[in-house]
Structures are given as C-alpha cells and as structure tokens.
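What follows is a short report on a single structure.
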Amino acid sequence: MSCASFAKLNILIGNNSFSSRRGGSSPLTATRRVSLPIRASSYSDELVQTAKTIASPGRGILAIDESNATCGKRLASIGLDNTEVNRQAYRQLLLTTPGLGEYISGSILFEETLYQSTTGGKKFVDCLREENIVPGIKVDKGLVPLPGSNNESWCQGLDGLASRSAEYYKQGARFAKWRTVVSIPSGPSALAVKEAAWGLARYAAISQDNGLVPIVEPEILLDGDHPIERTLEVAEKVWSEVFFYLAQNNVLFEGILLKPSMVTPGAEHKQKASPETIAKHTLTMLRRRVPPAVPGIMFLSGGQSEVEATLNLNAMNQSPNPWHVSFSYARALQNSVLKTWQGQPENVEAAQKSLLIRAKANSLAQLGRYSAEGENEEARKGMFVKGYTY
C-alpha cells in the first residue's frame, strides 16, 4: 500500500449477527463486507524508519528538553546564572561529546536548543546528525490545574501544534515528546486519566501527520507511600486508556515510541523494591497493555539515582522482550556531568567523559550486560524531588 493512499479496513459481519430467525431470507443474514477508509499519513514509511533507528540495539535517548526555568535550577546547583549563554555552553558540552552516538540514538531538545548553534557556528542539529543521533523536540506547553479534578493537572499545547510541528520538522526534528502526569496520591481520578490519554492521542496523531515520531509519555509520578502493587494497578489503567484513544485517533503504532515510568513503590514507601521486583512488575504491565507493533519502550528515570535507573533497566533486559526496552533519561545521565563540569571550560573534557560513562552503562543495561561494580557513591544518590516540575 502506498504511504499516501487510503487503507481499507474490511469488516466481516457474520451470517446470523443481526437476526434470530432460522432460514429466513432477510438480507441481514448474509455476510456483508464493509469498507471503512482510514487515512494513512504520507510520512508513514519515514515514521517507521525513524522509530526503528531510535530503537536500535545498545542505544537510547538523551533527554535535555528541560524548560529554561528548570535548566536554570540545574545551573544554579553549580553556581551559574540562568542566561542563554550558560544554557548554550552546557548544551554544547552535551551535544558535542565525541563518540556519543555509539550509545545514544536520539536527543530530545527544548525549542531554544533546536534553533541554537555552537559557539563555532555549527547547528546543534547538525552536531547530532554527524553522530547518527536523531534530533527530537519537546512540544507540550506544560502542566496546568485540571478543573473538576482532585488537585490534578492536565497538559496544554494542542493549540497551534500542527503548525509548530511542521516548523520543527523543517528545522531538522524527527521525533517529538509530550509529557503529562498522573498522581497516585491524588486518586488518580477518572477525569485526569481520560484527559491525559486523550491529550496524548491527539498530540500523537498531529505529530505523525507532520512527520514527527511521537513519544507517548504519561508519567506516573513517584510521589506517595503506596506499594508497588498499587502502582501496577494504576499503570495498567492508564495505559489501557492511552492505547484506546491512540487507536481511536488512527495513530500508527509502528511509528510511535513510549516513555513510561517504571513500576516501583511510591518514593515514600517504607520498603524499597529490588531491580528484579521492579522488572517483574514493569514487564507484567507492558505485556498486558502494549502491542508488540510498538518498536520501542524508552523508560524515564523519574528521580531514581543514576545507578538505580541503570540497574532496573538491566533487570528488564535479562530475557528477550517483544519491544526494544531502553532509556530516555535526563537527570540519570546528566547529574554526574553537571557536577564534573562546574561551569569551568577546563572541565569540559572530563564532563564529556562522565557523560560517556553513564551513556555506556545504560547501553550495556539495554543489552542486559551491566554491572554496578565500580560505580561511585555520587552515582548512587537518589534524585527524587517531591512535586518535581520540568
């Protein structure tokens, strides 16, 4: 079937579906074939290829799509002011790391970064392409209170998304990210879950229509003291809603990527779970809810320590999965980098080596070959922040 053509969904209606009469001559007793036209995106082949490239063995996503305000918090932690020059310097450090493409297949950028260049004048997008890293873009407009809910949020940004996505594609982006959240301590309410799922589905359809592979991310926040079984219950509910609405919006499953939370106990739960327990519950949820047509599961770290996030990913790759199970980490790749850099030009090379160490560790975890032996104490420190916002 041509990518620009219309696919036809043929539905067979059984002989006696609409009649209880035996041997009657009603036309409803005959088998009928109904054709329902479903629009196929002109980008279908490209979307599938992009998703496969990102979901390639031993590689994952470097997420540096923090808003300017959140990036400012990161810079403040090492004593730097939140200026465009400092943000550019930090992102240049990350995106020009030699050899990064061996372990990283895609990088999610904030809008400012998508249009920025190095101090030498090379576009950051071109720096990524030279390393065979696919440029991505954060397209949501952040969380706001959801009226009628239990103090929950919804994600805004659908207005104007089509035109923005078209411009991002022209600038070189080939995938997109939209993050919404679900809070277990707040319920979650049926309203909040439905709003999250519907928003993700509309975003995904609009992204595909403009050539961008959508990363579907309903983050189930770590906040709370609930057990892992409660997280599993909520995750299954959320993902069932998400895939229901993705299907209703005719989203091409082969041309999406998922960015789920791992199924863990709440951050304040009295008993920590082992990587094996987290892997068991997370894979149970995925097998029950995610079609094998989806090419890649790119986990978020959600405030876990660098080592925790890597150990948990490694545990999930100890046996074959129907999908590429990998990472899309921000803090779990950047924390050591920032502390090594300290905003000093003479520390750039050492900071880039620190990034490669973390990227390689997660590459090994994607292949199921990671060992935490030799990891330093800094990498073992948790990064959970209650009520964390991007």
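By convention here, the chains of the structure tokens are called A, B, ... in the order presented, each chain's residues are numbered starting at 1, and ligands are numbered starting at 1 in the order presented.
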Contact residues around Ala166 in chain A with only C-alpha atoms at 10 Å, ignoring same-chain residues under 2 positions, as JSON, numbers by chain: {"A": [161, 162, 163, 164, 168, 169, 170, 171, 173, 206, 207, 209, 210, 211, 212]}
File dump, residues just selected, N, CA, C and O atoms, as an mmCIF file, in the first residue's frame:
data_model
loop_
_atom_site.group_PDB
_atom_site.id
_atom_site.type_symbol
_atom_site.label_atom_id
_atom_site.label_comp_id
_atom_site.auth_asym_id
_atom_site.auth_seq_id
_atom_site.Cartn_x
_atom_site.Cartn_y
_atom_site.Cartn_z
ATOM 1 N N LEU A 161 -0.382 23.215 17.481
ATOM 2 C CA LEU A 161 0.637 22.160 17.448
ATOM 3 C C LEU A 161 0.994 21.745 16.030
ATOM 4 O O LEU A 161 2.160 21.476 15.737
ATOM 5 N N ALA A 162 0.020 21.686 15.143
ATOM 6 C CA ALA A 162 0.295 21.254 13.768
ATOM 7 C C ALA A 162 1.289 22.191 13.081
ATOM 8 O O ALA A 162 2.270 21.734 12.480
ATOM 9 N N SER A 163 1.063 23.484 13.187
ATOM 10 C CA SER A 163 1.971 24.432 12.527
ATOM 11 C C SER A 163 3.347 24.446 13.181
ATOM 12 O O SER A 163 4.374 24.525 12.499
ATOM 13 N N ARG A 164 3.383 24.330 14.516
ATOM 14 C CA ARG A 164 4.676 24.267 15.195
ATOM 15 C C ARG A 164 5.441 23.018 14.798
ATOM 16 O O ARG A 164 6.657 23.059 14.563
ATOM 17 N N TYR A 168 9.155 22.580 13.206
ATOM 18 C CA TYR A 168 10.200 21.786 13.855
ATOM 19 C C TYR A 168 10.782 20.762 12.876
ATOM 20 O O TYR A 168 11.990 20.507 12.873
ATOM 21 N N TYR A 169 9.902 20.189 12.058
ATOM 22 C CA TYR A 169 10.370 19.229 11.049
ATOM 23 C C TYR A 169 11.325 19.922 10.072
ATOM 24 O O TYR A 169 12.380 19.377 9.729
ATOM 25 N N LYS A 170 10.977 21.126 9.636
ATOM 26 C CA LYS A 170 11.846 21.882 8.719
ATOM 27 C C LYS A 170 13.207 22.164 9.356
ATOM 28 O O LYS A 170 14.235 22.199 8.682
ATOM 29 N N GLN A 171 13.204 22.370 10.676
ATOM 30 C CA GLN A 171 14.445 22.680 11.381
ATOM 31 C C GLN A 171 15.296 21.439 11.609
ATOM 32 O O GLN A 171 16.457 21.540 12.001
ATOM 33 N N ALA A 173 14.031 18.391 13.310
ATOM 34 C CA ALA A 173 13.499 17.442 14.298
ATOM 35 C C ALA A 173 12.778 16.309 13.576
ATOM 36 O O ALA A 173 12.119 16.525 12.557
ATOM 37 N N ILE A 206 -1.359 14.304 15.546
ATOM 38 C CA ILE A 206 -0.885 15.548 14.911
ATOM 39 C C ILE A 206 0.610 15.444 14.589
ATOM 40 O O ILE A 206 1.056 15.860 13.513
ATOM 41 N N SER A 207 1.379 14.876 15.485
ATOM 42 C CA SER A 207 2.822 14.710 15.252
ATOM 43 C C SER A 207 3.070 13.851 14.019
ATOM 44 O O SER A 207 3.858 14.212 13.135
ATOM 45 N N ASP A 209 1.174 13.286 11.554
ATOM 46 C CA ASP A 209 0.697 13.971 10.359
ATOM 47 C C ASP A 209 1.720 14.985 9.840
ATOM 48 O O ASP A 209 1.660 15.398 8.679
ATOM 49 N N ASN A 210 2.669 15.346 10.707
ATOM 50 C CA ASN A 210 3.691 16.324 10.327
ATOM 51 C C ASN A 210 5.102 15.732 10.317
ATOM 52 O O ASN A 210 6.087 16.466 10.350
ATOM 53 N N GLY A 211 5.188 14.403 10.285
ATOM 54 C CA GLY A 211 6.474 13.739 10.100
ATOM 55 C C GLY A 211 7.277 13.481 11.350
ATOM 56 O O GLY A 211 8.432 13.059 11.264
ATOM 57 N N LEU A 212 6.692 13.709 12.528
ATOM 58 C CA LEU A 212 7.415 13.508 13.783
ATOM 59 C C LEU A 212 6.928 12.249 14.488
ATOM 60 O O LEU A 212 5.724 12.065 14.676
#
Show me, as a tab-separated table, the residues of range 148-217 of chain A having an atom within 7 Å of range 235-249 of chain A, each with the closest atom pair and its distance in Å, using only C-alpha atoms.
residue	atom	partner	partner_atom	distance
A:Val193	CA	A:Val238	CA	6.1
A:Lys194	CA	A:Glu241	CA	6.7
A:Ala197	CA	A:Val242	CA	4.4
A:Trp198	CA	A:Tyr245	CA	5.9
A:Ala201	CA	A:Leu246	CA	4.7
A:Arg202	CA	A:Asn249	CA	6.8
A:Ala205	CA	A:Asn249	CA	6.4
Shortest interatomic distance to Gly368 in chain A - which of A:Gly58, A:His269, A:Arg91, A:Ala69, counting only C-alpha atoms: A:Gly58
Got a sec to tell me which of range 227-256 of chain A DSSP assigns to helix (DSSP H, G or I), as a ChimeraX atom specification? /A:228-248,253-255
Just the strand (DSSP E or B) stuff from range 61-192 of chain A, please, per backbone DSSP, written as a PyMOL selection string. chain A and resi 61-64+104-109+117+123+134-138+143-145+153-155+175-182
Counting only C-alpha atoms, what is within 12 Å of Glu233 in chain A, bar same-chain residues fewer than 5 positions away, as a PyMOL selection string? chain A and resi 184+187-188+220+226-228+238-240+263-265+281-282+284-285+288-289
For Gly302 in chain A, find every residue with an atom within 9 Å (counting only C-alpha atoms), except residues of its own chain fewer than 5 positions away, and show them as number ranges by chain. A: 219-222, 261-262, 309, 329-332, 383-384
Those selected residues, please, written with N, CA and C atoms and delivered as a PDB file, in the first residue's frame.
ATOM      1  N   GLU A 219       3.544  10.118  32.548  1.00  0.00           N
ATOM      2  CA  GLU A 219       4.407   9.792  33.694  1.00  0.00           C
ATOM      3  C   GLU A 219       3.572   9.575  34.951  1.00  0.00           C
ATOM      4  N   ILE A 220       3.716   8.402  35.532  1.00  0.00           N
ATOM      5  CA  ILE A 220       3.077   8.124  36.819  1.00  0.00           C
ATOM      6  C   ILE A 220       4.096   8.507  37.890  1.00  0.00           C
ATOM      7  N   LEU A 221       3.798   9.581  38.576  1.00  0.00           N
ATOM      8  CA  LEU A 221       4.776  10.187  39.481  1.00  0.00           C
ATOM      9  C   LEU A 221       5.159   9.248  40.622  1.00  0.00           C
ATOM     10  N   LEU A 222       6.407   9.390  41.071  1.00  0.00           N
ATOM     11  CA  LEU A 222       6.901   8.578  42.183  1.00  0.00           C
ATOM     12  C   LEU A 222       6.323   9.008  43.528  1.00  0.00           C
ATOM     13  N   SER A 261       6.867   5.357  33.013  1.00  0.00           N
ATOM     14  CA  SER A 261       7.556   5.222  34.294  1.00  0.00           C
ATOM     15  C   SER A 261       7.772   3.738  34.559  1.00  0.00           C
ATOM     16  N   MET A 262       8.828   3.405  35.262  1.00  0.00           N
ATOM     17  CA  MET A 262       8.967   2.037  35.756  1.00  0.00           C
ATOM     18  C   MET A 262       7.948   1.811  36.875  1.00  0.00           C
ATOM     19  N   ALA A 309      18.480   3.605  38.167  1.00  0.00           N
ATOM     20  CA  ALA A 309      17.825   3.600  36.861  1.00  0.00           C
ATOM     21  C   ALA A 309      18.488   2.599  35.923  1.00  0.00           C
ATOM     22  N   TYR A 329      16.657   9.140  29.467  1.00  0.00           N
ATOM     23  CA  TYR A 329      16.984   9.711  30.769  1.00  0.00           C
ATOM     24  C   TYR A 329      17.464  11.156  30.641  1.00  0.00           C
ATOM     25  N   ALA A 330      17.116  11.927  31.650  1.00  0.00           N
ATOM     26  CA  ALA A 330      17.605  13.302  31.763  1.00  0.00           C
ATOM     27  C   ALA A 330      18.565  13.373  32.948  1.00  0.00           C
ATOM     28  N   ARG A 331      17.993  13.469  34.158  1.00  0.00           N
ATOM     29  CA  ARG A 331      18.842  13.566  35.353  1.00  0.00           C
ATOM     30  C   ARG A 331      19.758  12.359  35.517  1.00  0.00           C
ATOM     31  N   ALA A 332      19.289  11.159  35.142  1.00  0.00           N
ATOM     32  CA  ALA A 332      20.094   9.948  35.336  1.00  0.00           C
ATOM     33  C   ALA A 332      21.256   9.846  34.348  1.00  0.00           C
ATOM     34  N   MET A 383      17.649  11.073  43.317  1.00  0.00           N
ATOM     35  CA  MET A 383      17.372  12.441  42.855  1.00  0.00           C
ATOM     36  C   MET A 383      15.899  12.789  42.904  1.00  0.00           C
ATOM     37  N   PHE A 384      15.131  11.998  43.671  1.00  0.00           N
ATOM     38  CA  PHE A 384      13.692  12.269  43.765  1.00  0.00           C
ATOM     39  C   PHE A 384      13.461  13.609  44.441  1.00  0.00           C
TER      40      PHE A 384
END
